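K.L.:
Take this structure, written in structure tokens, and hold onto it; I'll ask about it next.
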Amino acid sequence: MSREIIIIGGGLAGCEAAWQAAGRNCRVTLHEMKPKKFSPAHKSEFLAELVCSNSLRSSDLHSAVGLLKEEMRRIGSLIMAAAGKTSVPAGKALAVDRNRFAEYITKRIDEHPLISVSREEITKIPPPSSTPVIIATGPLTSSMLADSLLEITGRDHLAFYDAIAPIVYADSLDMGIIFQASRYDDGPGDYLNCPMDEKQYKRFITELKDAEKVPLKSFEKKKYFEGCLPIEVMLDRGDNTLRFGPMKPVGLTDPGTGKACFAVVQLRKENRENTLYNMVGFQTKLTYPEQKRIFSLIPGMEKAEFARLGSIHRNTFICSPDVLMETLQFIKRPDLLPAGQITGVEGYVESTAIGLLAGINAARLANSEPPVVPPPVTAMGALIAHLTNRDVKHFQPSNINFGLFKKLGKKIPKRFRGEHYAERALKALEKWLDTENVRRKE
Ligand SMILES: Cc1cc2nc3c(=O)[nH]c(=O)nc-3n(C[C@H](O)[C@H](O)[C@H](O)COP(=O)(O)OP(=O)(O)OC[C@H]3O[C@@H](n4cnc5c(N)ncnc54)[C@H](O)[C@@H]3O)c2cc1C
């Protein structure tokens, strides 16, 4: 006898979740508000619409996103199958014909005997029951449902914009220039500090003023929270604003020169392994190439490699580390599982992966089986760790990157690291699929 699952949102995560749950003998009702109602970014009537780029990024198995895709293929992902069937040449990236991609997924979902699609907006989270509910309504969740979600998360745990500062790999920083110190502290301190003299600061702000910015989308009102203004907006208010804001030098002496710094860029630990650092207060709407060019002017960051670049988007997301279990169930409502970008991952592939895991776990709950957590060494495990094992105060959405992974046991030269991460992950994944009985049944 098949059990019931409800899914709200027929995007990438919702469709993948439906496919996984139906593949585990669950009867799925998938609610999608299109075409009756469109978010400001969605245009097509198909399910699983790609709202912007048609690229699912690198297809190299030794890249973090390439590995994530391979893990999903091995679990029988519908979205990965669709991408394989509808790909278009794009060098080392996996790009798709967006209409054929969405059409393929819509057809497979519509034709599945255990999935029924209801084209309506859901405005309220269903009350607790024995039927698991997946919320996969994406970064542009309709406002009434977002209000209903607030009742579960609380006002402090649901954000409507992300303000993302860039993240750099620790081993790409020049520690001959950068020094470790917290403001006013004598000890080694928790922050890495990139010191600037007056000449370096002037050059930096001159380049920043002229840099190319990403134009705002029509639905993105130019309304930022004062607490997370983009650096270029701060600079518009005066040449010294950054020196009184995120580049404040007070309480920091450069041990290299023995002098107080004129300005400082501070880097804060982003993970427990200390492989990633966040540029404190450096949220920005500069284009990606301009971020790389301008941030390379910061002393000690000349050769910085970025795990993530900065951005500011309209984005509804939950503060997952405070409200979710590793199984993706809400702590307060274990019958309710968010999936996709709304959990605080970023990107088509990452959203799909979280949809896949939510689909598996909702099905397991419906079938009275214990929910599962992927091995921490896999790319999916790294995403779950990002969502549930983070510093709550600084939680912001993230793409998959090797900085989120458990460190490799031994020191491996950088160019071979991807290969080692992939080998370790796929071995653990295969074992997990067998021992936990995670494979799809159909
Ligand atoms: C403007 C924009 C551009 C982006 N560009 C990229 C990019 O180029 N590359 C990339 O990797 N990522 C991009 N992203 C980020 C993200 O990867 C995508 O938004 C991705 O589609 C998220 O997948 P999802 O399944 O979580 O949500 P979505 O794919 O957005 O799916 C959510 C679905 O839920 C439906 N829905 C919403 N509310 C309700 C409701 N109350 N009832 C019923 N249905 C509802 C929506 O109509 C939609 O079909 C972008 C995001 C935005 C907002």
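Simple scheme: letters A, B, ... for chains in structure tokens order, numbers from 1 for residues in each chain, numbers from 1 for ligands in the order shown.
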Output the neighbourhood of ligand 1 as a PyMOL selection string, that is, all protein and nucleic acid residues with some atom at most 7 Å from the ligand, counting only C-alpha atoms and all ligand atoms.

P.N.:
chain A and resi 8-14+31-34+38-39+41-42+47-56+120-123+136-142+144-145+314-315+339-342+346-349+351-352

K.L.:
Please provide as an mmCIF file with all heavy atoms, in the first residue's frame all residues within 7 Å of region 325-336 of chain A, with the sequence filter that same-chain residues fewer than 3 positions apart are discarded (counting only C-alpha atoms).

P.N.:
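The file below, out17.cif, is the result:
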data_model
loop_
_atom_site.group_PDB
_atom_site.id
_atom_site.type_symbol
_atom_site.label_atom_id
_atom_site.label_comp_id
_atom_site.auth_asym_id
_atom_site.auth_seq_id
_atom_site.Cartn_x
_atom_site.Cartn_y
_atom_site.Cartn_z
ATOM 1 N N PRO A 128 -0.036 19.890 11.479
ATOM 2 C CA PRO A 128 0.692 18.640 11.702
ATOM 3 C C PRO A 128 -0.192 17.425 11.441
ATOM 4 O O PRO A 128 -1.367 17.429 11.783
ATOM 5 C CB PRO A 128 1.072 18.714 13.195
ATOM 6 C CG PRO A 128 0.954 20.146 13.561
ATOM 7 C CD PRO A 128 -0.055 20.760 12.654
ATOM 8 N N SER A 129 0.397 16.413 10.791
ATOM 9 C CA SER A 129 -0.355 15.166 10.549
ATOM 10 C C SER A 129 0.649 14.055 10.256
ATOM 11 O O SER A 129 1.858 14.291 10.253
ATOM 12 C CB SER A 129 -1.311 15.332 9.367
ATOM 13 O OG SER A 129 -0.614 15.158 8.157
ATOM 14 N N SER A 130 0.143 12.876 9.969
ATOM 15 C CA SER A 130 1.059 11.764 9.676
ATOM 16 C C SER A 130 1.518 11.797 8.218
ATOM 17 O O SER A 130 2.335 10.986 7.800
ATOM 18 C CB SER A 130 0.371 10.441 9.993
ATOM 19 O OG SER A 130 -0.813 10.383 9.231
ATOM 20 N N THR A 131 0.998 12.736 7.418
ATOM 21 C CA THR A 131 1.446 12.869 6.019
ATOM 22 C C THR A 131 2.600 13.876 5.949
ATOM 23 O O THR A 131 2.400 15.063 6.222
ATOM 24 C CB THR A 131 0.277 13.390 5.135
ATOM 25 O OG1 THR A 131 -0.802 12.481 5.253
ATOM 26 C CG2 THR A 131 0.698 13.518 3.682
ATOM 27 N N PRO A 132 3.812 13.414 5.602
ATOM 28 C CA PRO A 132 4.911 14.384 5.522
ATOM 29 C C PRO A 132 4.668 15.437 4.430
ATOM 30 O O PRO A 132 4.103 15.129 3.380
ATOM 31 C CB PRO A 132 6.121 13.503 5.160
ATOM 32 C CG PRO A 132 5.726 12.112 5.509
ATOM 33 C CD PRO A 132 4.248 12.044 5.338
ATOM 34 N N VAL A 133 5.083 16.652 4.719
ATOM 35 C CA VAL A 133 4.915 17.771 3.774
ATOM 36 C C VAL A 133 6.292 18.350 3.454
ATOM 37 O O VAL A 133 7.072 18.632 4.367
ATOM 38 C CB VAL A 133 4.029 18.887 4.393
ATOM 39 C CG1 VAL A 133 3.936 20.085 3.453
ATOM 40 C CG2 VAL A 133 2.653 18.365 4.733
ATOM 41 N N ILE A 134 6.565 18.501 2.160
ATOM 42 C CA ILE A 134 7.829 19.134 1.744
ATOM 43 C C ILE A 134 7.510 20.537 1.232
ATOM 44 O O ILE A 134 6.615 20.711 0.396
ATOM 45 C CB ILE A 134 8.518 18.302 0.641
ATOM 46 C CG1 ILE A 134 8.949 16.945 1.210
ATOM 47 C CG2 ILE A 134 9.707 19.047 0.041
ATOM 48 C CD1 ILE A 134 9.604 16.011 0.208
ATOM 49 N N ALA A 358 15.297 15.435 0.698
ATOM 50 C CA ALA A 358 13.999 15.624 1.373
ATOM 51 C C ALA A 358 12.993 14.598 0.862
ATOM 52 O O ALA A 358 12.193 14.057 1.638
ATOM 53 C CB ALA A 358 13.485 17.042 1.140
ATOM 54 N N ASN A 361 13.745 11.256 2.499
ATOM 55 C CA ASN A 361 13.383 11.202 3.919
ATOM 56 C C ASN A 361 11.873 11.307 4.157
ATOM 57 O O ASN A 361 11.344 10.656 5.061
ATOM 58 C CB ASN A 361 14.149 12.259 4.714
ATOM 59 C CG ASN A 361 15.528 11.736 5.096
ATOM 60 O OD1 ASN A 361 15.769 10.524 5.022
ATOM 61 N ND2 ASN A 361 16.419 12.613 5.489
ATOM 62 N N PRO A 371 14.559 8.210 8.984
ATOM 63 C CA PRO A 371 15.174 9.060 7.956
ATOM 64 C C PRO A 371 16.701 8.924 7.976
ATOM 65 O O PRO A 371 17.266 8.507 8.990
ATOM 66 C CB PRO A 371 14.743 10.472 8.335
ATOM 67 C CG PRO A 371 14.276 10.400 9.731
ATOM 68 C CD PRO A 371 13.885 8.993 10.024
ATOM 69 N N VAL A 372 17.342 9.266 6.866
ATOM 70 C CA VAL A 372 18.790 9.056 6.757
ATOM 71 C C VAL A 372 19.525 10.383 6.537
ATOM 72 O O VAL A 372 18.936 11.370 6.118
ATOM 73 C CB VAL A 372 19.128 8.106 5.582
ATOM 74 C CG1 VAL A 372 18.747 6.681 5.907
ATOM 75 C CG2 VAL A 372 18.474 8.563 4.288
ATOM 76 N N VAL A 373 20.819 10.345 6.817
ATOM 77 C CA VAL A 373 21.690 11.504 6.579
ATOM 78 C C VAL A 373 22.844 10.992 5.725
ATOM 79 O O VAL A 373 23.450 9.974 6.056
ATOM 80 C CB VAL A 373 22.250 12.048 7.919
ATOM 81 C CG1 VAL A 373 23.133 13.260 7.686
ATOM 82 C CG2 VAL A 373 21.121 12.381 8.883
ATOM 83 N N ILE A 384 24.553 19.247 3.826
ATOM 84 C CA ILE A 384 23.785 19.086 5.069
ATOM 85 C C ILE A 384 24.555 19.707 6.239
ATOM 86 O O ILE A 384 23.971 20.362 7.108
ATOM 87 C CB ILE A 384 23.480 17.582 5.331
ATOM 88 C CG1 ILE A 384 22.515 17.051 4.276
ATOM 89 C CG2 ILE A 384 22.934 17.364 6.746
ATOM 90 C CD1 ILE A 384 21.104 17.601 4.349
ATOM 91 N N THR A 388 23.219 22.630 8.824
ATOM 92 C CA THR A 388 22.844 22.283 10.199
ATOM 93 C C THR A 388 23.969 22.434 11.211
ATOM 94 O O THR A 388 23.755 22.276 12.393
ATOM 95 C CB THR A 388 22.336 20.821 10.258
ATOM 96 O OG1 THR A 388 23.348 19.971 9.725
ATOM 97 C CG2 THR A 388 21.065 20.641 9.465
#

K.L.:
Near Glu151 (chain A), counting only C-alpha atoms, which residues have an atom at most 12 Å away, once you skip same-chain residues fewer than 3 positions from it, shown as JSON, numbers by chain?

P.N.:
{"A": [124, 125, 126, 127, 144, 145, 146, 147, 148, 154, 155, 156, 157, 158, 332, 333]}

K.L.:
Write out, as a PDB file, in the first residue's frame, the residues just selected, with N, CA, C and O atoms.

P.N.:
ATOM      1  N   LYS A 124      -1.157  28.349   2.979  1.00  0.00           N
ATOM      2  CA  LYS A 124      -0.960  28.022   4.397  1.00  0.00           C
ATOM      3  C   LYS A 124      -0.268  26.680   4.528  1.00  0.00           C
ATOM      4  O   LYS A 124      -0.581  25.744   3.785  1.00  0.00           O
ATOM      5  N   ILE A 125       0.685  26.591   5.448  1.00  0.00           N
ATOM      6  CA  ILE A 125       1.341  25.310   5.702  1.00  0.00           C
ATOM      7  C   ILE A 125       0.305  24.382   6.333  1.00  0.00           C
ATOM      8  O   ILE A 125      -0.349  24.774   7.306  1.00  0.00           O
ATOM      9  N   PRO A 126       0.142  23.160   5.801  1.00  0.00           N
ATOM     10  CA  PRO A 126      -0.850  22.250   6.397  1.00  0.00           C
ATOM     11  C   PRO A 126      -0.539  21.967   7.864  1.00  0.00           C
ATOM     12  O   PRO A 126       0.628  21.969   8.257  1.00  0.00           O
ATOM     13  N   PRO A 127      -1.582  21.732   8.666  1.00  0.00           N
ATOM     14  CA  PRO A 127      -1.351  21.459  10.101  1.00  0.00           C
ATOM     15  C   PRO A 127      -0.627  20.121  10.287  1.00  0.00           C
ATOM     16  O   PRO A 127      -0.623  19.298   9.365  1.00  0.00           O
ATOM     17  N   MET A 144       2.014  34.861   0.891  1.00  0.00           N
ATOM     18  CA  MET A 144       1.120  34.319   1.931  1.00  0.00           C
ATOM     19  C   MET A 144       1.709  33.054   2.545  1.00  0.00           C
ATOM     20  O   MET A 144       1.637  32.834   3.747  1.00  0.00           O
ATOM     21  N   LEU A 145       2.336  32.239   1.711  1.00  0.00           N
ATOM     22  CA  LEU A 145       2.948  31.024   2.255  1.00  0.00           C
ATOM     23  C   LEU A 145       4.148  31.397   3.133  1.00  0.00           C
ATOM     24  O   LEU A 145       4.376  30.785   4.177  1.00  0.00           O
ATOM     25  N   ALA A 146       4.892  32.422   2.714  1.00  0.00           N
ATOM     26  CA  ALA A 146       6.041  32.868   3.534  1.00  0.00           C
ATOM     27  C   ALA A 146       5.541  33.325   4.903  1.00  0.00           C
ATOM     28  O   ALA A 146       6.153  33.015   5.930  1.00  0.00           O
ATOM     29  N   ASP A 147       4.382  34.028   4.927  1.00  0.00           N
ATOM     30  CA  ASP A 147       3.823  34.461   6.215  1.00  0.00           C
ATOM     31  C   ASP A 147       3.470  33.257   7.082  1.00  0.00           C
ATOM     32  O   ASP A 147       3.703  33.250   8.291  1.00  0.00           O
ATOM     33  N   SER A 148       2.920  32.244   6.441  1.00  0.00           N
ATOM     34  CA  SER A 148       2.536  31.041   7.190  1.00  0.00           C
ATOM     35  C   SER A 148       3.785  30.327   7.715  1.00  0.00           C
ATOM     36  O   SER A 148       3.792  29.807   8.831  1.00  0.00           O
ATOM     37  N   GLY A 154       9.507  31.408  13.167  1.00  0.00           N
ATOM     38  CA  GLY A 154       9.690  32.618  13.980  1.00  0.00           C
ATOM     39  C   GLY A 154      10.318  33.691  13.092  1.00  0.00           C
ATOM     40  O   GLY A 154      11.021  33.379  12.116  1.00  0.00           O
ATOM     41  N   ARG A 155      10.059  34.961  13.430  1.00  0.00           N
ATOM     42  CA  ARG A 155      10.484  36.084  12.602  1.00  0.00           C
ATOM     43  C   ARG A 155      12.011  36.154  12.410  1.00  0.00           C
ATOM     44  O   ARG A 155      12.505  36.556  11.379  1.00  0.00           O
ATOM     45  N   ASP A 156      12.745  35.726  13.419  1.00  0.00           N
ATOM     46  CA  ASP A 156      14.207  35.833  13.341  1.00  0.00           C
ATOM     47  C   ASP A 156      14.843  34.761  12.467  1.00  0.00           C
ATOM     48  O   ASP A 156      16.034  34.761  12.248  1.00  0.00           O
ATOM     49  N   HIS A 157      14.054  33.795  12.025  1.00  0.00           N
ATOM     50  CA  HIS A 157      14.649  32.664  11.316  1.00  0.00           C
ATOM     51  C   HIS A 157      14.181  32.514   9.882  1.00  0.00           C
ATOM     52  O   HIS A 157      14.303  31.465   9.281  1.00  0.00           O
ATOM     53  N   LEU A 158      13.616  33.592   9.323  1.00  0.00           N
ATOM     54  CA  LEU A 158      13.255  33.570   7.909  1.00  0.00           C
ATOM     55  C   LEU A 158      13.700  34.898   7.310  1.00  0.00           C
ATOM     56  O   LEU A 158      13.269  35.952   7.745  1.00  0.00           O
ATOM     57  N   LYS A 332      10.783  21.541  15.357  1.00  0.00           N
ATOM     58  CA  LYS A 332       9.463  21.725  15.970  1.00  0.00           C
ATOM     59  C   LYS A 332       8.361  20.936  15.272  1.00  0.00           C
ATOM     60  O   LYS A 332       7.321  20.696  15.848  1.00  0.00           O
ATOM     61  N   ARG A 333       8.560  20.650  13.979  1.00  0.00           N
ATOM     62  CA  ARG A 333       7.518  19.964  13.197  1.00  0.00           C
ATOM     63  C   ARG A 333       8.186  18.876  12.356  1.00  0.00           C
ATOM     64  O   ARG A 333       8.444  19.060  11.160  1.00  0.00           O
TER      65      ARG A 333
END

K.L.:
Could you tell me, as a PDB file with N, CA, C and O atoms, in the first residue's frame, which residues of region 214-309 of chain A DSSP assigns to strand (DSSP E) when given the backbone?

P.N.:
ATOM      1  N   THR A 253      47.225  46.689  15.151  1.00  0.00           N
ATOM      2  CA  THR A 253      48.566  47.147  14.770  1.00  0.00           C
ATOM      3  C   THR A 253      49.181  46.095  13.862  1.00  0.00           C
ATOM      4  O   THR A 253      49.131  44.892  14.163  1.00  0.00           O
ATOM      5  N   ASP A 254      49.732  46.558  12.754  1.00  0.00           N
ATOM      6  CA  ASP A 254      50.355  45.617  11.810  1.00  0.00           C
ATOM      7  C   ASP A 254      51.709  45.163  12.373  1.00  0.00           C
ATOM      8  O   ASP A 254      52.633  45.985  12.493  1.00  0.00           O
ATOM      9  N   LYS A 259      53.178  49.563  13.030  1.00  0.00           N
ATOM     10  CA  LYS A 259      52.350  50.789  13.034  1.00  0.00           C
ATOM     11  C   LYS A 259      50.862  50.441  12.976  1.00  0.00           C
ATOM     12  O   LYS A 259      50.490  49.354  12.518  1.00  0.00           O
ATOM     13  N   ALA A 260      50.064  51.426  13.410  1.00  0.00           N
ATOM     14  CA  ALA A 260      48.612  51.264  13.256  1.00  0.00           C
ATOM     15  C   ALA A 260      48.292  51.224  11.762  1.00  0.00           C
ATOM     16  O   ALA A 260      48.987  51.876  10.960  1.00  0.00           O
ATOM     17  N   ALA A 263      43.769  51.248   7.047  1.00  0.00           N
ATOM     18  CA  ALA A 263      42.499  50.526   6.851  1.00  0.00           C
ATOM     19  C   ALA A 263      42.823  49.033   6.896  1.00  0.00           C
ATOM     20  O   ALA A 263      43.965  48.644   6.683  1.00  0.00           O
ATOM     21  N   VAL A 264      41.791  48.255   7.190  1.00  0.00           N
ATOM     22  CA  VAL A 264      42.000  46.801   7.308  1.00  0.00           C
ATOM     23  C   VAL A 264      40.817  46.070   6.689  1.00  0.00           C
ATOM     24  O   VAL A 264      39.676  46.488   6.869  1.00  0.00           O
ATOM     25  N   VAL A 265      41.104  44.995   5.965  1.00  0.00           N
ATOM     26  CA  VAL A 265      40.024  44.085   5.571  1.00  0.00           C
ATOM     27  C   VAL A 265      40.139  42.887   6.496  1.00  0.00           C
ATOM     28  O   VAL A 265      41.191  42.254   6.568  1.00  0.00           O
ATOM     29  N   GLN A 266      39.043  42.598   7.219  1.00  0.00           N
ATOM     30  CA  GLN A 266      39.092  41.472   8.159  1.00  0.00           C
ATOM     31  C   GLN A 266      38.468  40.217   7.544  1.00  0.00           C
ATOM     32  O   GLN A 266      37.471  40.295   6.818  1.00  0.00           O
ATOM     33  N   LEU A 267      39.095  39.094   7.861  1.00  0.00           N
ATOM     34  CA  LEU A 267      38.592  37.802   7.380  1.00  0.00           C
ATOM     35  C   LEU A 267      38.225  36.955   8.589  1.00  0.00           C
ATOM     36  O   LEU A 267      39.036  36.819   9.507  1.00  0.00           O
ATOM     37  N   ARG A 268      36.999  36.436   8.559  1.00  0.00           N
ATOM     38  CA  ARG A 268      36.521  35.646   9.698  1.00  0.00           C
ATOM     39  C   ARG A 268      36.384  34.179   9.285  1.00  0.00           C
ATOM     40  O   ARG A 268      35.950  33.894   8.170  1.00  0.00           O
ATOM     41  N   LYS A 269      36.742  33.270  10.208  1.00  0.00           N
ATOM     42  CA  LYS A 269      36.649  31.836   9.921  1.00  0.00           C
ATOM     43  C   LYS A 269      35.243  31.473   9.468  1.00  0.00           C
ATOM     44  O   LYS A 269      34.270  31.878  10.102  1.00  0.00           O
ATOM     45  N   LEU A 276      38.300  27.998   5.109  1.00  0.00           N
ATOM     46  CA  LEU A 276      37.577  29.073   4.417  1.00  0.00           C
ATOM     47  C   LEU A 276      37.476  30.305   5.297  1.00  0.00           C
ATOM     48  O   LEU A 276      37.272  30.179   6.513  1.00  0.00           O
ATOM     49  N   TYR A 277      37.593  31.469   4.690  1.00  0.00           N
ATOM     50  CA  TYR A 277      37.432  32.726   5.433  1.00  0.00           C
ATOM     51  C   TYR A 277      36.468  33.647   4.699  1.00  0.00           C
ATOM     52  O   TYR A 277      36.499  33.739   3.467  1.00  0.00           O
ATOM     53  N   ASN A 278      35.633  34.314   5.498  1.00  0.00           N
ATOM     54  CA  ASN A 278      34.611  35.218   4.988  1.00  0.00           C
ATOM     55  C   ASN A 278      35.139  36.652   5.057  1.00  0.00           C
ATOM     56  O   ASN A 278      35.698  37.044   6.082  1.00  0.00           O
ATOM     57  N   MET A 279      34.955  37.441   4.006  1.00  0.00           N
ATOM     58  CA  MET A 279      35.406  38.843   4.032  1.00  0.00           C
ATOM     59  C   MET A 279      34.358  39.655   4.793  1.00  0.00           C
ATOM     60  O   MET A 279      33.286  39.942   4.265  1.00  0.00           O
ATOM     61  N   PHE A 306      38.496  32.180  -4.690  1.00  0.00           N
ATOM     62  CA  PHE A 306      37.209  32.356  -4.009  1.00  0.00           C
ATOM     63  C   PHE A 306      36.363  31.083  -4.059  1.00  0.00           C
ATOM     64  O   PHE A 306      36.184  30.492  -5.123  1.00  0.00           O
ATOM     65  N   ALA A 307      35.865  30.692  -2.879  1.00  0.00           N
ATOM     66  CA  ALA A 307      34.911  29.578  -2.828  1.00  0.00           C
ATOM     67  C   ALA A 307      33.539  30.105  -3.230  1.00  0.00           C
ATOM     68  O   ALA A 307      32.700  29.371  -3.735  1.00  0.00           O
ATOM     69  N   ARG A 308      33.315  31.404  -2.990  1.00  0.00           N
ATOM     70  CA  ARG A 308      32.033  32.026  -3.316  1.00  0.00           C
ATOM     71  C   ARG A 308      32.288  33.510  -3.482  1.00  0.00           C
ATOM     72  O   ARG A 308      33.081  34.074  -2.730  1.00  0.00           O
TER      73      ARG A 308
END

K.L.:
Do a neighbour search on region 295-305 of chain A at 7 Å with only C-alpha atoms, toss out local chain neighbours closer than 6 positions, and write the hits as a list in words.

P.N.:
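What passes the distance filter is Val168, Tyr169, Ser172, Leu173, Asp174, Met175, Ile177, Ile178, Cys194, Pro195, Met196 and Phe204 of chain A.
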
K.L.:
For Val117 (chain A), please output as a VMD selection string all residues within 7 Å (counting only C-alpha atoms; exclusion window: fewer than 5 positions along the same chain).

P.N.:
chain A and resid 29 to 31 110

K.L.:
With N, CA and C atoms retained, write the just-selected residues as a JSON list (two decimals), in the first residue's frame.

P.N.:
[["chain", "number", "residue", "atom", "x", "y", "z"],
["A", 29, "THR", "N", 1.26, 14.24, -3.94],
["A", 29, "THR", "CA", 0.51, 15.37, -4.53],
["A", 29, "THR", "C", 1.47, 16.55, -4.57],
["A", 30, "LEU", "N", 1.71, 17.01, -5.79],
["A", 30, "LEU", "CA", 2.66, 18.12, -5.99],
["A", 30, "LEU", "C", 1.87, 19.37, -6.35],
["A", 31, "HIS", "N", 1.93, 20.38, -5.48],
["A", 31, "HIS", "CA", 1.19, 21.62, -5.72],
["A", 31, "HIS", "C", 2.11, 22.67, -6.35],
["A", 110, "ASP", "N", 4.18, 14.31, -14.87],
["A", 110, "ASP", "CA", 2.75, 14.17, -15.22],
["A", 110, "ASP", "C", 2.38, 12.71, -15.49]]

K.L.:
Looking only at helix (DSSP H, G or I) from DSSP on the backbone, list the matching residues of region 110-351 of chain A as number ranges by chain.

P.N.:
A: 110-111, 143-153, 155-157, 170-172, 198-210, 226-228, 231-236, 241-244, 288-295, 320-323, 340-343, 348-351

K.L.:
Pick from A:Ile318, A:Leu67, A:Leu387, A:Cys15: nearest to Ala82 (chain A), with only C-alpha atoms counted?

P.N.:
A:Cys15

K.L.:
I'd like the interatomic distance between CA of Ala83 (chain A) and CA of Phe101 (chain A), to a tenth of an Å.

P.N.:
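Answer for the CA of Ala83 (chain A) to CA of Phe101 (chain A) separation: 6.3 Å.
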
K.L.:
Using only C-alpha atoms, which residues sit within 10 Å of Glu232 (chain A) once same-chain residues fewer than 5 positions away are excluded, as a count of residues only?

P.N.:
13

K.L.:
Using only C-alpha atoms, which of the listed residues (A:Val392, A:Ala428, A:Ile167, A:Leu337) sits closest to Ser311 (chain A)?

P.N.:
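Using only C-alpha atoms, the shortest distance to Ser311 (chain A) belongs to A:Ile167.
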
K.L.:
Find the distance between CA of Ala353 (chain A) and CA of Glu70 (chain A) and write it in Å to one decimal.

P.N.:
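So the answer is 10.7 Å.
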
K.L.:
Do you have, as CSV, the list of residues of region 51-150 of chain A lying at most 12 Å from region 436-439 of chain A, each with its nearest atom pair and that distance in Å to one decimal, counting only C-alpha atoms and ordered by chain then number?

P.N.:
residue,atom,partner,partner_atom,distance
A:Glu71,CA,A:Arg439,CA,11.9
A:Met72,CA,A:Arg439,CA,11.1
A:Arg73,CA,A:Arg439,CA,11.3
A:Arg74,CA,A:Arg439,CA,8.7
A:Ile75,CA,A:Arg439,CA,6.2
A:Gly76,CA,A:Arg439,CA,8.0
A:Ser77,CA,A:Arg439,CA,10.8

K.L.:
Would you mind telling me which residue in A:Val323, A:Ala102, A:Met380, A:Ile79 lies nearest to Thr343 (chain A) when using only C-alpha atoms?

P.N.:
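When distances to Thr343 (chain A) are compared using only C-alpha atoms, the smallest one comes from A:Val323.
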
K.L.:
Could you give me, as a list in words, the residues within 10 Å of region 412-417 of chain A, counting only C-alpha atoms and dropping anything in the same chain fewer than 3 positions from it?

P.N.:
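Contacts, in chain order: His62, Ser63, Asp171, Phe402, Leu408, Gly409, His420, Tyr421, Ala422 and Glu423 of chain A.
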
K.L.:
Would you output that residue set with N, CA, C and O atoms, as a PDB file, in the first residue's frame?

P.N.:
ATOM      1  N   HIS A  62      35.872  16.032 -10.688  1.00  0.00           N
ATOM      2  CA  HIS A  62      36.801  16.436  -9.630  1.00  0.00           C
ATOM      3  C   HIS A  62      36.550  17.870  -9.146  1.00  0.00           C
ATOM      4  O   HIS A  62      37.357  18.427  -8.414  1.00  0.00           O
ATOM      5  N   SER A  63      35.441  18.472  -9.584  1.00  0.00           N
ATOM      6  CA  SER A  63      35.018  19.759  -9.003  1.00  0.00           C
ATOM      7  C   SER A  63      33.899  19.433  -8.013  1.00  0.00           C
ATOM      8  O   SER A  63      33.239  18.385  -8.126  1.00  0.00           O
ATOM      9  N   ASP A 171      44.193  28.672   1.996  1.00  0.00           N
ATOM     10  CA  ASP A 171      45.534  28.391   1.459  1.00  0.00           C
ATOM     11  C   ASP A 171      45.882  29.232   0.242  1.00  0.00           C
ATOM     12  O   ASP A 171      46.938  29.066  -0.349  1.00  0.00           O
ATOM     13  N   PHE A 402      34.583  22.861  -2.103  1.00  0.00           N
ATOM     14  CA  PHE A 402      35.361  21.918  -1.298  1.00  0.00           C
ATOM     15  C   PHE A 402      35.627  22.439   0.119  1.00  0.00           C
ATOM     16  O   PHE A 402      35.912  21.658   1.018  1.00  0.00           O
ATOM     17  N   LEU A 408      40.539  16.407   3.993  1.00  0.00           N
ATOM     18  CA  LEU A 408      41.181  15.131   3.666  1.00  0.00           C
ATOM     19  C   LEU A 408      42.137  14.788   4.800  1.00  0.00           C
ATOM     20  O   LEU A 408      42.732  15.686   5.396  1.00  0.00           O
ATOM     21  N   GLY A 409      42.306  13.502   5.089  1.00  0.00           N
ATOM     22  CA  GLY A 409      43.154  13.105   6.215  1.00  0.00           C
ATOM     23  C   GLY A 409      44.601  13.527   6.058  1.00  0.00           C
ATOM     24  O   GLY A 409      45.243  13.957   6.996  1.00  0.00           O
ATOM     25  N   HIS A 420      40.816  13.272  -4.966  1.00  0.00           N
ATOM     26  CA  HIS A 420      40.732  12.560  -3.682  1.00  0.00           C
ATOM     27  C   HIS A 420      39.373  12.747  -3.013  1.00  0.00           C
ATOM     28  O   HIS A 420      38.818  11.804  -2.464  1.00  0.00           O
ATOM     29  N   TYR A 421      38.864  13.979  -3.072  1.00  0.00           N
ATOM     30  CA  TYR A 421      37.532  14.219  -2.502  1.00  0.00           C
ATOM     31  C   TYR A 421      36.498  13.327  -3.198  1.00  0.00           C
ATOM     32  O   TYR A 421      35.640  12.727  -2.562  1.00  0.00           O
ATOM     33  N   ALA A 422      36.602  13.262  -4.534  1.00  0.00           N
ATOM     34  CA  ALA A 422      35.601  12.505  -5.302  1.00  0.00           C
ATOM     35  C   ALA A 422      35.696  11.015  -5.000  1.00  0.00           C
ATOM     36  O   ALA A 422      34.671  10.354  -4.776  1.00  0.00           O
ATOM     37  N   GLU A 423      36.913  10.512  -4.970  1.00  0.00           N
ATOM     38  CA  GLU A 423      37.090   9.074  -4.718  1.00  0.00           C
ATOM     39  C   GLU A 423      36.528   8.707  -3.337  1.00  0.00           C
ATOM     40  O   GLU A 423      35.788   7.735  -3.184  1.00  0.00           O
TER      41      GLU A 423
END

K.L.:
May I ask for the distance between CA of Arg293 (chain A) and CA of Gly310 (chain A), given in Å to one decimal place?

P.N.:
13.1 Å

K.L.:
Choose the residue, out of A:Thr378, A:Arg27, A:Gly403, A:Leu94, that has the smallest atom-to-atom separation from Lys431 (chain A); count only C-alpha atoms.

P.N.:
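Distance minimum relative to Lys431 (chain A) lands on A:Thr378.
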